[in-house]
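Raw final34.txt, compact mmCIF, C-alpha atoms and all ligand atoms:
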```txt
# COMPACT_ATOMS: atom_id res chain seq x y z
CA MET A 1 -34.97 13.47 -101.36
CA ALA A 2 -34.45 14.75 -104.88
CA ILE A 3 -33.00 18.14 -104.03
CA THR A 4 -29.40 18.63 -105.02
CA GLN A 5 -27.51 20.74 -102.52
CA SER A 6 -23.97 21.28 -101.45
CA PRO A 7 -23.39 19.25 -98.26
CA LYS A 8 -20.93 21.79 -96.86
CA LYS A 9 -23.63 24.34 -96.12
CA GLN A 10 -25.78 22.15 -93.88
CA SER A 11 -27.49 24.34 -91.27
CA THR A 12 -26.21 23.76 -87.79
CA ALA A 13 -27.96 23.82 -84.47
CA GLU A 14 -25.36 26.19 -83.07
CA GLY A 15 -27.93 28.90 -83.48
CA ALA A 16 -25.85 31.92 -82.62
CA GLU A 17 -25.29 34.19 -85.60
CA ASP A 18 -22.61 32.11 -87.16
CA ASP A 19 -22.46 34.51 -90.03
CA GLN A 20 -19.75 32.92 -92.13
CA ASP A 21 -22.57 31.20 -93.99
CA LEU A 22 -24.24 34.48 -94.85
CA SER A 23 -23.79 36.31 -98.14
CA ASN A 24 -22.35 39.84 -98.00
CA GLU A 25 -25.71 41.12 -99.17
CA CYS A 26 -27.41 39.50 -96.22
CA LYS A 27 -24.78 40.68 -93.73
CA GLU A 28 -25.22 44.26 -94.93
CA LEU A 29 -28.98 44.02 -94.94
CA ILE A 30 -29.02 42.76 -91.36
CA LEU A 31 -27.07 45.78 -90.18
CA SER A 32 -29.95 47.99 -91.29
CA LEU A 33 -32.75 45.98 -89.65
CA PRO A 34 -34.37 46.49 -86.23
CA LYS A 35 -33.29 43.70 -83.90
CA GLU A 36 -34.51 42.08 -80.69
CA LYS A 37 -33.28 39.32 -78.45
CA GLY A 38 -33.92 35.93 -80.08
CA TRP A 39 -35.36 32.71 -78.69
CA ARG A 40 -32.77 30.26 -79.96
CA THR A 41 -30.39 32.69 -81.61
CA ARG A 42 -28.81 35.74 -80.04
CA HIS A 43 -30.98 38.07 -82.11
CA ILE A 44 -33.94 38.14 -84.42
CA TYR A 45 -34.46 40.84 -87.02
CA LEU A 46 -37.53 42.57 -88.38
CA PHE A 47 -37.41 41.74 -92.07
CA GLN A 48 -40.26 42.46 -94.52
CA GLY A 49 -42.57 42.97 -91.53
CA PHE A 50 -41.79 39.77 -89.63
CA TRP A 51 -39.17 38.64 -87.12
CA CYS A 52 -36.62 36.08 -88.17
CA GLN A 53 -33.06 34.89 -87.89
CA PRO A 54 -30.26 35.91 -90.26
CA LYS A 55 -30.08 32.56 -92.02
CA GLU A 56 -33.81 32.59 -92.55
CA ILE A 57 -33.56 36.02 -94.19
CA GLN A 58 -31.09 34.66 -96.68
CA SER A 59 -33.27 31.63 -97.48
CA VAL A 60 -36.39 33.76 -97.81
CA LEU A 61 -34.64 36.07 -100.28
CA SER A 62 -33.45 33.11 -102.32
CA PHE A 63 -36.93 31.55 -102.30
CA GLN A 64 -38.54 34.84 -103.33
CA ARG A 65 -36.10 35.30 -106.19
CA HIS A 66 -35.93 31.81 -107.59
CA PHE A 67 -38.94 29.64 -106.79
CA GLN A 68 -41.09 28.76 -109.80
CA ALA A 69 -44.42 27.32 -108.77
CA GLN A 70 -46.31 24.60 -110.61
CA ASP A 71 -50.10 24.60 -110.52
CA SER A 72 -49.99 21.13 -108.97
CA ASP A 73 -47.77 22.25 -106.06
CA ILE A 74 -49.00 22.14 -102.49
CA VAL A 75 -47.65 24.60 -99.94
CA LEU A 76 -48.27 23.91 -96.24
CA SER A 77 -47.87 26.92 -94.03
CA THR A 78 -47.86 27.42 -90.27
CA ILE A 79 -46.41 29.51 -87.54
CA PRO A 80 -44.03 27.23 -85.58
CA LYS A 81 -45.57 24.75 -83.12
CA SER A 82 -49.07 24.88 -84.60
CA GLY A 83 -49.23 21.37 -86.03
CA THR A 84 -46.77 21.60 -88.93
CA THR A 85 -45.51 18.03 -88.56
CA TRP A 86 -49.06 16.69 -88.45
CA LEU A 87 -50.23 18.68 -91.47
CA LYS A 88 -47.20 17.58 -93.48
CA ALA A 89 -47.94 13.93 -92.69
CA LEU A 90 -51.63 14.26 -93.57
CA ALA A 91 -51.10 16.12 -96.84
CA PHE A 92 -48.31 13.76 -97.93
CA ALA A 93 -50.43 10.70 -97.18
CA ILE A 94 -53.47 12.14 -98.99
CA ALA A 95 -51.68 13.28 -102.12
CA ASN A 96 -49.54 10.15 -102.51
CA ARG A 97 -52.25 7.49 -102.13
CA ASP A 98 -51.70 6.19 -105.67
CA LYS A 99 -47.98 5.54 -105.04
CA HIS A 100 -48.32 4.71 -101.39
CA PRO A 101 -51.73 3.20 -100.62
CA ILE A 102 -52.72 3.63 -97.00
CA SER A 103 -53.55 -0.08 -96.91
CA GLN A 104 -49.83 -0.88 -97.23
CA LYS A 105 -49.59 -0.62 -93.53
CA LYS A 106 -46.04 -1.88 -93.23
CA SER A 107 -44.29 -0.02 -96.04
CA HIS A 108 -45.69 3.50 -96.06
CA PRO A 109 -42.91 6.14 -96.16
CA LEU A 110 -44.36 7.83 -93.09
CA LEU A 111 -43.39 4.76 -91.07
CA THR A 112 -39.71 5.24 -91.76
CA SER A 113 -39.33 8.96 -92.52
CA ASN A 114 -40.17 12.01 -90.49
CA PRO A 115 -42.72 14.23 -92.29
CA HIS A 116 -40.16 17.05 -92.48
CA ASP A 117 -37.96 14.84 -94.66
CA LEU A 118 -40.84 14.01 -97.00
CA VAL A 119 -42.15 17.58 -97.14
CA PRO A 120 -39.17 19.96 -96.92
CA PHE A 121 -39.31 23.52 -95.68
CA PHE A 122 -38.47 26.18 -98.25
CA GLU A 123 -36.45 28.09 -95.69
CA TYR A 124 -34.67 25.29 -93.81
CA LYS A 125 -34.03 22.88 -96.66
CA VAL A 126 -34.91 23.83 -100.22
CA TYR A 127 -33.37 27.32 -100.11
CA ALA A 128 -31.17 26.87 -97.02
CA SER A 129 -27.99 26.55 -99.01
CA ASN A 130 -26.26 29.22 -101.07
CA ASP A 131 -26.46 26.80 -104.01
CA LEU A 132 -29.76 26.78 -105.84
CA PRO A 133 -31.73 23.53 -105.58
CA ASP A 134 -32.49 21.38 -108.60
CA LEU A 135 -36.22 20.82 -108.26
CA SER A 136 -36.61 19.06 -111.62
CA LYS A 137 -36.53 15.63 -110.01
CA PHE A 138 -38.64 16.52 -107.01
CA PRO A 139 -41.36 13.87 -106.62
CA GLN A 140 -44.79 14.88 -107.93
CA PRO A 141 -46.96 16.29 -106.56
CA ARG A 142 -44.44 18.69 -105.06
CA ILE A 143 -45.34 19.40 -101.44
CA PHE A 144 -43.42 22.04 -99.50
CA GLY A 145 -43.66 23.44 -96.00
CA THR A 146 -43.03 26.96 -94.82
CA HIS A 147 -43.35 29.33 -91.88
CA ILE A 148 -43.07 32.38 -94.12
CA PRO A 149 -45.99 34.83 -93.74
CA PHE A 150 -48.39 35.13 -96.68
CA PRO A 151 -47.23 38.54 -97.95
CA ALA A 152 -43.61 37.33 -98.11
CA LEU A 153 -44.30 34.16 -100.12
CA ALA A 154 -42.62 34.03 -103.52
CA GLU A 155 -44.94 35.72 -106.03
CA PRO A 156 -45.45 32.56 -108.16
CA VAL A 157 -46.89 30.79 -105.11
CA LYS A 158 -49.54 33.47 -104.88
CA SER A 159 -50.25 33.90 -108.59
CA SER A 160 -50.21 30.26 -109.74
CA GLN A 161 -53.03 27.78 -109.18
CA CYS A 162 -51.03 25.93 -106.53
CA LYS A 163 -52.81 25.23 -103.26
CA ILE A 164 -51.90 26.67 -99.88
CA VAL A 165 -53.02 25.05 -96.64
CA TYR A 166 -52.56 26.87 -93.34
CA ILE A 167 -53.02 25.29 -89.92
CA CYS A 168 -53.50 27.53 -86.94
CA ARG A 169 -53.46 26.62 -83.25
CA ASN A 170 -54.71 28.60 -80.28
CA PRO A 171 -51.93 30.98 -79.25
CA PHE A 172 -51.96 29.84 -75.60
CA ASP A 173 -50.87 26.30 -76.45
CA THR A 174 -48.70 27.48 -79.33
CA PHE A 175 -46.76 29.74 -76.98
CA VAL A 176 -46.18 26.98 -74.42
CA SER A 177 -45.22 24.47 -77.11
CA SER A 178 -42.76 27.00 -78.61
CA TRP A 179 -41.19 27.90 -75.30
CA ILE A 180 -40.59 24.27 -74.34
CA TYR A 181 -39.32 23.29 -77.79
CA LEU A 182 -36.98 26.22 -78.26
CA ASN A 183 -35.38 25.76 -74.87
CA LYS A 184 -34.72 22.12 -75.87
CA VAL A 185 -33.10 22.92 -79.20
CA LYS A 186 -31.29 26.15 -78.34
CA PRO A 187 -27.50 26.06 -78.37
CA ASP A 188 -25.79 25.54 -75.00
CA SER A 189 -24.11 28.91 -75.43
CA LEU A 190 -27.41 30.71 -74.93
CA PRO A 191 -29.08 30.91 -71.51
CA VAL A 192 -32.41 29.19 -70.85
CA LEU A 193 -35.21 31.59 -71.74
CA GLN A 194 -37.45 32.03 -68.71
CA LEU A 195 -41.19 31.58 -69.21
CA GLU A 196 -42.08 35.14 -68.19
CA GLU A 197 -39.54 36.69 -70.52
CA ALA A 198 -40.55 34.50 -73.45
CA PHE A 199 -44.19 35.34 -72.78
CA GLU A 200 -43.45 39.06 -72.90
CA MET A 201 -41.66 38.63 -76.21
CA TYR A 202 -44.55 36.57 -77.59
CA CYS A 203 -47.18 39.13 -76.55
CA ASN A 204 -45.08 41.89 -78.09
CA GLY A 205 -44.90 39.95 -81.34
CA ALA A 206 -41.14 39.36 -81.25
CA MET A 207 -40.82 35.67 -81.98
CA GLY A 208 -39.88 33.71 -85.08
CA TYR A 209 -42.17 34.67 -88.01
CA GLY A 210 -44.26 36.84 -85.69
CA PRO A 211 -46.09 38.85 -84.69
CA PHE A 212 -48.22 35.72 -84.58
CA TRP A 213 -51.44 37.69 -85.13
CA ASN A 214 -50.14 39.13 -88.41
CA HIS A 215 -49.08 35.66 -89.49
CA MET A 216 -52.51 34.19 -88.82
CA LEU A 217 -54.42 37.12 -90.26
CA GLY A 218 -52.39 37.12 -93.47
CA TYR A 219 -53.51 33.59 -94.30
CA TRP A 220 -56.95 34.00 -92.72
CA ASN A 221 -57.83 37.03 -94.84
CA GLU A 222 -56.52 35.37 -97.98
CA SER A 223 -58.58 32.25 -97.26
CA LEU A 224 -61.69 34.44 -97.06
CA LYS A 225 -60.84 36.20 -100.33
CA ARG A 226 -59.72 33.10 -102.23
CA PRO A 227 -61.15 29.97 -100.58
CA ASP A 228 -60.13 27.86 -103.60
CA LYS A 229 -56.54 28.95 -103.15
CA VAL A 230 -56.00 29.02 -99.38
CA MET A 231 -57.52 26.55 -96.93
CA PHE A 232 -57.44 27.65 -93.29
CA LEU A 233 -57.52 24.87 -90.71
CA LYS A 234 -57.60 24.96 -86.93
CA TYR A 235 -55.63 22.42 -84.91
CA GLU A 236 -58.32 22.06 -82.25
CA GLU A 237 -61.08 21.46 -84.80
CA MET A 238 -58.96 18.89 -86.59
CA LYS A 239 -58.38 17.05 -83.34
CA ALA A 240 -62.10 17.11 -82.56
CA ASP A 241 -63.13 15.64 -85.93
CA ILE A 242 -60.25 14.47 -88.04
CA VAL A 243 -62.31 12.39 -90.47
CA SER A 244 -64.49 15.19 -91.80
CA HIS A 245 -61.49 17.53 -92.00
CA LEU A 246 -59.51 14.95 -93.94
CA LYS A 247 -62.32 14.61 -96.46
CA LYS A 248 -62.43 18.38 -96.95
CA LEU A 249 -58.66 18.63 -97.15
CA ALA A 250 -58.49 15.86 -99.75
CA ILE A 251 -61.12 17.61 -101.90
CA PHE A 252 -59.32 20.94 -101.56
CA LEU A 253 -56.01 19.41 -102.61
CA GLY A 254 -57.62 17.70 -105.60
CA TYR A 255 -57.31 14.15 -104.26
CA PRO A 256 -60.83 13.38 -103.00
CA PHE A 257 -61.55 10.03 -101.36
CA SER A 258 -63.70 7.79 -103.54
CA VAL A 259 -66.91 6.26 -102.21
CA GLN A 260 -65.12 2.93 -102.16
CA GLU A 261 -62.21 4.35 -100.17
CA GLU A 262 -64.62 5.81 -97.66
CA LYS A 263 -66.40 2.45 -97.38
CA ASP A 264 -63.07 0.69 -96.93
CA GLY A 265 -62.15 2.95 -94.02
CA VAL A 266 -59.21 4.59 -95.82
CA VAL A 267 -59.91 7.98 -94.21
CA GLU A 268 -59.82 6.50 -90.71
CA ASP A 269 -56.68 4.50 -91.55
CA LEU A 270 -54.97 7.63 -92.85
CA ALA A 271 -55.90 9.51 -89.70
CA GLU A 272 -54.45 6.71 -87.62
CA LEU A 273 -51.24 6.55 -89.65
CA CYS A 274 -50.66 10.25 -88.96
CA SER A 275 -51.92 10.29 -85.39
CA PHE A 276 -49.72 11.67 -82.64
CA GLU A 277 -49.79 8.36 -80.76
CA LYS A 278 -48.67 6.38 -83.81
CA MET A 279 -46.02 8.83 -85.00
CA LYS A 280 -44.48 9.40 -81.59
CA GLU A 281 -43.71 5.68 -81.23
CA LEU A 282 -41.95 5.24 -84.58
CA GLU A 283 -38.22 4.60 -84.39
CA VAL A 284 -37.47 7.42 -86.85
CA ASN A 285 -39.30 9.85 -84.63
CA LYS A 286 -37.74 8.58 -81.43
CA SER A 287 -34.12 8.59 -82.53
CA GLY A 288 -33.83 10.44 -85.86
CA LYS A 289 -32.99 14.03 -86.73
CA SER A 290 -34.68 16.11 -89.41
CA ILE A 291 -34.99 19.88 -89.37
CA MET A 292 -31.60 21.52 -88.90
CA ASN A 293 -30.24 18.48 -87.14
CA PHE A 294 -32.70 18.86 -84.26
CA GLU A 295 -33.89 15.64 -82.70
CA ASN A 296 -37.26 14.46 -84.02
CA LYS A 297 -38.39 13.33 -80.57
CA ASN A 298 -38.82 16.97 -79.54
CA LEU A 299 -41.49 17.41 -82.22
CA PHE A 300 -43.78 15.02 -80.37
CA ARG A 301 -44.51 16.22 -76.87
CA LYS A 302 -48.12 15.98 -75.59
CA ALA A 303 -50.37 17.23 -78.41
CA GLU A 304 -52.97 18.20 -75.84
CA ILE A 305 -55.44 21.01 -76.11
CA GLY A 306 -55.34 23.35 -73.11
CA ASP A 307 -51.98 22.23 -71.71
CA TRP A 308 -51.20 25.93 -71.32
CA VAL A 309 -53.13 25.99 -68.03
CA ASN A 310 -50.18 24.13 -66.49
CA TYR A 311 -47.82 26.97 -67.39
CA LEU A 312 -49.58 30.33 -67.61
CA SER A 313 -50.79 32.16 -64.51
CA PRO A 314 -54.27 33.79 -64.58
CA PRO A 315 -52.77 37.27 -65.18
CA MET A 316 -50.70 35.93 -68.06
CA ALA A 317 -53.76 34.30 -69.59
CA GLU A 318 -55.67 37.53 -69.19
CA ARG A 319 -52.87 39.45 -70.88
CA LEU A 320 -52.78 37.13 -73.89
CA SER A 321 -56.60 37.19 -74.13
CA LYS A 322 -56.40 40.97 -74.35
CA VAL A 323 -53.76 40.80 -77.07
CA LEU A 324 -56.02 38.47 -79.05
CA GLU A 325 -59.05 40.66 -78.51
CA GLU A 326 -57.16 43.70 -79.68
CA LYS A 327 -55.31 42.20 -82.61
CA LEU A 328 -57.95 39.86 -84.00
CA SER A 329 -61.02 41.97 -83.36
CA GLY A 330 -63.26 42.34 -86.38
CA SER A 331 -61.37 39.68 -88.35
CA GLY A 332 -63.77 36.82 -87.60
CA LEU A 333 -60.83 34.68 -86.44
CA THR A 334 -61.50 33.23 -82.98
CA PHE A 335 -60.20 30.40 -80.82
CA LYS A 336 -62.21 28.02 -78.69
CA ALA A 337 -59.61 26.30 -76.60
CA ALA A 338 -58.44 29.30 -74.64
CA LYS A 339 -60.30 28.59 -71.38
CA ARG A 340 -59.11 27.60 -67.92
CA ALA A 341 -61.09 24.55 -66.77
P1 LIG B 1 -47.19 20.14 -77.92
O1 LIG B 1 -45.87 20.78 -77.69
O2 LIG B 1 -48.32 20.92 -77.33
O3 LIG B 1 -47.24 18.72 -77.53
P2 LIG B 1 -45.14 21.61 -84.98
O4 LIG B 1 -45.30 20.31 -85.69
O5 LIG B 1 -45.71 22.76 -85.71
O6 LIG B 1 -43.75 21.79 -84.52
O7 LIG B 1 -46.06 21.52 -83.68
C1 LIG B 1 -45.68 20.73 -82.60
C2 LIG B 1 -46.90 20.43 -81.76
O8 LIG B 1 -47.74 19.51 -82.48
C3 LIG B 1 -46.50 19.74 -80.47
O9 LIG B 1 -47.47 20.15 -79.50
C4 LIG B 1 -46.64 18.28 -80.86
O10 LIG B 1 -46.77 17.41 -79.76
C5 LIG B 1 -47.87 18.31 -81.73
N1 LIG B 1 -47.93 17.18 -82.69
C6 LIG B 1 -46.89 16.55 -83.27
N2 LIG B 1 -47.34 15.55 -84.06
C7 LIG B 1 -48.68 15.57 -83.99
C8 LIG B 1 -49.70 14.76 -84.58
N3 LIG B 1 -49.40 13.74 -85.38
N4 LIG B 1 -50.98 15.06 -84.27
C9 LIG B 1 -51.28 16.09 -83.44
N5 LIG B 1 -50.36 16.87 -82.85
C10 LIG B 1 -49.07 16.61 -83.11
```

Output the file's structure as structure tokens, nothing else.
Amino acid sequence: MAITQSPKKQSTAEGAEDDQDLSNECKELILSLPKEKGWRTRHIYLFQGFWCQPKEIQSVLSFQRHFQAQDSDIVLSTIPKSGTTWLKALAFAIANRDKHPISQKKSHPLLTSNPHDLVPFFEYKVYASNDLPDLSKFPQPRIFGTHIPFPALAEPVKSSQCKIVYICRNPFDTFVSSWIYLNKVKPDSLPVLQLEEAFEMYCNGAMGYGPFWNHMLGYWNESLKRPDKVMFLKYEEMKADIVSHLKKLAIFLGYPFSVQEEKDGVVEDLAELCSFEKMKELEVNKSGKSIMNFENKNLFRKAEIGDWVNYLSPPMAERLSKVLEEKLSGSGLTFKAAKRA
């Protein structure tokens, strides 16, 4: 990883507002913000219209002030637990085919590195430290990940020619995936968040980077306005037909598959390299740690569509359906997978 950062400021998984890492500016700002109970930190704060943790606020401010985009950059955006890890793997594999041909089945970086180490988050890695990163040696094309909502992206990301890809997952499964994940990575000092309470918070919009509907609609609307700039993908549709989505994604990113590559089965091989089944079994993903020192194994759970039926009662499902109806109505954004069998 070619980002130079001070090792002393490594984020910890302690989670509680361990505010000695925060700048005075950030500490003061936080005092003025609305706050709610957090999922894996004591509190989350409403900052620039979305809910986040204190350390994230500091990183977002640094990113907004300092990031200079290049037209060749690729920014992958998601709300947590929507397929971030998968999208990072796919985009990295597509855009680095010249350096790392998919046919090199034994030496591809995705076999020994977690996608979050190959495609760093702005807020958890690149701008996580108080020291500014040196991005001059960052491997080209530069690919970054983020959970930051569209309106809060650094201006150069929006105004340059760089590409933004957003992956969205049905909120039923996203909620369940988030609840399970956050209870696994939360610090021991915080109590386990019960399903019903987490669900209430989710439906009220108070979860990391939420409200989720604003997050989705920000990127959705921008993808309608500027389809050459923002590509909007759906997790369920990608799972149903990965090959055709990969071809579209590669064209969008400016790395289309050649006729020969298609004939040689490169698209299928790339899909397999990044598949849940393959990635889950890799040593790096079974025993390594990537984002904020959290164990990689927790990033690979079931990857099933509709697993929510095992967790949400019919009234809960009805409640979330109503939230979706109300918040997404008229936008054209819909989800297929939200049905009880
Ligand atoms: P489940 O918890 O439903 O299993 P994120 O990467 O944004 O944190 O999202 C995590 C979800 O994506 C988890 O869902 C995880 O299992 C699933 N996932 C991880 N790797 C995947 C892959 N290669 N393909 C499809 N889904 C994947």

If you count all atoms listed in the file, which residues fall within 12 Å of Leu328 of chain A, apart from same-chain ones fewer than 6 positions away, as a CSV table (one decimal) with C-alpha atoms, keeping the file's coordinate frame?
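Writing the result to around-v6.csv gives the following:
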```csv
chain,number,residue,atom,x,y,z
A,171,PRO,CA,-51.9,31.0,-79.2
A,211,PRO,CA,-46.1,38.8,-84.7
A,212,PHE,CA,-48.2,35.7,-84.6
A,213,TRP,CA,-51.4,37.7,-85.1
A,214,ASN,CA,-50.1,39.1,-88.4
A,215,HIS,CA,-49.1,35.7,-89.5
A,216,MET,CA,-52.5,34.2,-88.8
A,217,LEU,CA,-54.4,37.1,-90.3
A,218,GLY,CA,-52.4,37.1,-93.5
A,220,TRP,CA,-57.0,34.0,-92.7
A,221,ASN,CA,-57.8,37.0,-94.8
A,320,LEU,CA,-52.8,37.1,-73.9
A,321,SER,CA,-56.6,37.2,-74.1
A,322,LYS,CA,-56.4,41.0,-74.4
A,334,THR,CA,-61.5,33.2,-83.0
A,335,PHE,CA,-60.2,30.4,-80.8
```

Could you pull out the residues sitting within 8 Å of ligand LIG 1 (chain B), using all atoms listed in the file, and write them as a PDB file with C-alpha atoms, in the coordinates of the input?
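Everything below was put into pocket.pdb:
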```pdb
ATOM      1  CA  THR A  78     -47.860  27.420 -90.270  1.00  0.00           C
ATOM      2  CA  ILE A  79     -46.410  29.510 -87.540  1.00  0.00           C
ATOM      3  CA  PRO A  80     -44.030  27.230 -85.580  1.00  0.00           C
ATOM      4  CA  LYS A  81     -45.570  24.750 -83.120  1.00  0.00           C
ATOM      5  CA  SER A  82     -49.070  24.880 -84.600  1.00  0.00           C
ATOM      6  CA  GLY A  83     -49.230  21.370 -86.030  1.00  0.00           C
ATOM      7  CA  THR A  84     -46.770  21.600 -88.930  1.00  0.00           C
ATOM      8  CA  THR A  85     -45.510  18.030 -88.560  1.00  0.00           C
ATOM      9  CA  TRP A  86     -49.060  16.690 -88.450  1.00  0.00           C
ATOM     10  CA  LEU A  87     -50.230  18.680 -91.470  1.00  0.00           C
ATOM     11  CA  ALA A  89     -47.940  13.930 -92.690  1.00  0.00           C
ATOM     12  CA  ASP A 173     -50.870  26.300 -76.450  1.00  0.00           C
ATOM     13  CA  THR A 174     -48.700  27.480 -79.330  1.00  0.00           C
ATOM     14  CA  VAL A 176     -46.180  26.980 -74.420  1.00  0.00           C
ATOM     15  CA  SER A 177     -45.220  24.470 -77.110  1.00  0.00           C
ATOM     16  CA  SER A 178     -42.760  27.000 -78.610  1.00  0.00           C
ATOM     17  CA  ILE A 180     -40.590  24.270 -74.340  1.00  0.00           C
ATOM     18  CA  TYR A 181     -39.320  23.290 -77.790  1.00  0.00           C
ATOM     19  CA  TYR A 235     -55.630  22.420 -84.910  1.00  0.00           C
ATOM     20  CA  LYS A 239     -58.380  17.050 -83.340  1.00  0.00           C
ATOM     21  CA  CYS A 274     -50.660  10.250 -88.960  1.00  0.00           C
ATOM     22  CA  SER A 275     -51.920  10.290 -85.390  1.00  0.00           C
ATOM     23  CA  PHE A 276     -49.720  11.670 -82.640  1.00  0.00           C
ATOM     24  CA  GLU A 277     -49.790   8.360 -80.760  1.00  0.00           C
ATOM     25  CA  LYS A 278     -48.670   6.380 -83.810  1.00  0.00           C
ATOM     26  CA  MET A 279     -46.020   8.830 -85.000  1.00  0.00           C
ATOM     27  CA  LYS A 280     -44.480   9.400 -81.590  1.00  0.00           C
ATOM     28  CA  ASN A 298     -38.820  16.970 -79.540  1.00  0.00           C
ATOM     29  CA  LEU A 299     -41.490  17.410 -82.220  1.00  0.00           C
ATOM     30  CA  PHE A 300     -43.780  15.020 -80.370  1.00  0.00           C
ATOM     31  CA  ARG A 301     -44.510  16.220 -76.870  1.00  0.00           C
ATOM     32  CA  LYS A 302     -48.120  15.980 -75.590  1.00  0.00           C
ATOM     33  CA  ALA A 303     -50.370  17.230 -78.410  1.00  0.00           C
ATOM     34  CA  GLU A 304     -52.970  18.200 -75.840  1.00  0.00           C
ATOM     35  CA  ILE A 305     -55.440  21.010 -76.110  1.00  0.00           C
ATOM     36  CA  ASP A 307     -51.980  22.230 -71.710  1.00  0.00           C
TER      37      ASP A 307
END
```

Sorted by chain and rising residue number, list the residues of segment 192-253 of chain A at most 9 Å from segment 32-43 of chain A (counting all atoms listed in the file), each with its closest atom pair and distance in Å to one decimal, as JSON lines.
```
{"residue": "A:Leu193", "atom": "CA", "partner": "A:Trp39", "partner_atom": "CA", "distance": 7.0}
{"residue": "A:Ala198", "atom": "CA", "partner": "A:Trp39", "partner_atom": "CA", "distance": 7.6}
{"residue": "A:Met201", "atom": "CA", "partner": "A:Lys37", "partner_atom": "CA", "distance": 8.7}
{"residue": "A:Ala206", "atom": "CA", "partner": "A:Glu36", "partner_atom": "CA", "distance": 7.2}
{"residue": "A:Met207", "atom": "CA", "partner": "A:Trp39", "partner_atom": "CA", "distance": 7.0}
{"residue": "A:Gly208", "atom": "CA", "partner": "A:Trp39", "partner_atom": "CA", "distance": 7.9}
```

Any idea what's packed within 8 Å of His116 of chain A, counting all atoms listed in the file, ignoring anything in its chain fewer than 4 positions away? Could you give it as an mmCIF file with C-alpha atoms, keeping the file's coordinate frame?
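Written output follows (selection_0.cif):
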```cif
data_model
loop_
_atom_site.group_PDB
_atom_site.id
_atom_site.type_symbol
_atom_site.label_atom_id
_atom_site.label_comp_id
_atom_site.auth_asym_id
_atom_site.auth_seq_id
_atom_site.Cartn_x
_atom_site.Cartn_y
_atom_site.Cartn_z
ATOM 1 C CA THR A 85 -45.510 18.030 -88.560
ATOM 2 C CA LYS A 88 -47.200 17.580 -93.480
ATOM 3 C CA PRO A 120 -39.170 19.960 -96.920
ATOM 4 C CA PHE A 121 -39.310 23.520 -95.680
ATOM 5 C CA SER A 290 -34.680 16.110 -89.410
ATOM 6 C CA ILE A 291 -34.990 19.880 -89.370
#
```

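For the pair atom CA of Val185 of chain A and atom CA of Met238 of chain A, the separation is 27.2 Å.
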
Given all atoms listed in the file as the counted atoms, nearest of A:His108, A:Cys26, A:Glu155, A:Pro141 to Arg65 of chain A: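 Using all atoms listed in the file, Arg65 of chain A sits closest to A:Glu155.
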
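Closest approach to Ala250 of chain A among A:Glu281, A:Leu270, A:Val126, A:Ala317: A:Leu270, based on all atoms listed in the file.
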
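Using only C-alpha atoms for every distance, the candidate list A:Phe175, A:Pro187, A:Ile167, A:Leu249 yields A:Ile167 as the residue closest to Lys234 of chain A.
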
Quiz prompt | Two-atom distance - atom CA of Pro149 of chain A, atom CA of Arg169 of chain A (Å) | solution =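 Here the two named atoms are 15.3 Å from each other.
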
Using all atoms listed in the file, I'd like a table of the residues in segment 209-310 of chain A that come within 12 Å of segment 90-104 of chain A; for each, show the closest atom pair and its distance in Å rounded to one decimal, ordered by chain and ascending number, as CSV.
```
residue,atom,partner,partner_atom,distance
A:Met238,CA,A:Leu90,CA,11.1
A:Ile242,CA,A:Leu90,CA,10.2
A:Val243,CA,A:Leu90,CA,11.3
A:His245,CA,A:Leu90,CA,10.5
A:Leu246,CA,A:Leu90,CA,7.9
A:Lys247,CA,A:Ile94,CA,9.5
A:Lys248,CA,A:Ile94,CA,11.1
A:Leu249,CA,A:Ala91,CA,8.0
A:Ala250,CA,A:Ile94,CA,6.3
A:Ile251,CA,A:Ile94,CA,9.8
A:Phe252,CA,A:Ala91,CA,10.6
A:Leu253,CA,A:Ala95,CA,7.5
A:Gly254,CA,A:Ala95,CA,8.2
A:Tyr255,CA,A:Ala95,CA,6.1
A:Pro256,CA,A:Ile94,CA,8.5
A:Phe257,CA,A:Ile94,CA,8.7
A:Ser258,CA,A:Arg97,CA,11.5
A:Glu261,CA,A:Ile102,CA,10.0
A:Asp264,CA,A:Ser103,CA,9.6
A:Gly265,CA,A:Ser103,CA,9.6
A:Val266,CA,A:Ile102,CA,6.7
A:Val267,CA,A:Ile102,CA,8.9
A:Glu268,CA,A:Ile102,CA,9.9
A:Asp269,CA,A:Ile102,CA,6.8
A:Leu270,CA,A:Ile102,CA,6.2
A:Ala271,CA,A:Leu90,CA,7.5
A:Glu272,CA,A:Leu90,CA,10.0
A:Leu273,CA,A:Ile102,CA,8.0
A:Cys274,CA,A:Leu90,CA,6.2
A:Ser275,CA,A:Leu90,CA,9.1
A:Phe276,CA,A:Leu90,CA,11.4
A:Met279,CA,A:Leu90,CA,11.6
```

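In this structure, atom CA of Trp51 of chain A sits 25.8 Å away from atom CA of Glu236 of chain A.
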
### Message
I want to know what sits within 10 Å of Glu56 of chain A, based on all atoms listed in the file, with residues of the same chain fewer than 3 positions away left out; could you give that as a list of chain:residue names?
### Response
A:Ile44, A:Tyr45, A:Phe47, A:Trp51, A:Cys52, A:Gln53, A:Ser59, A:Val60, A:Leu61, A:Ser62, A:Phe122, A:Glu123, A:Tyr124, A:Tyr127, A:Ala128, A:Ile148, A:Gly208, A:Tyr209

Using all atoms listed in the file, which of the listed residues (A:Ser223, A:Thr112, A:Asn310, A:Ser160) sits closest to Leu333 of chain A?
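Closest to Leu333 of chain A of all the choices is A:Ser223.
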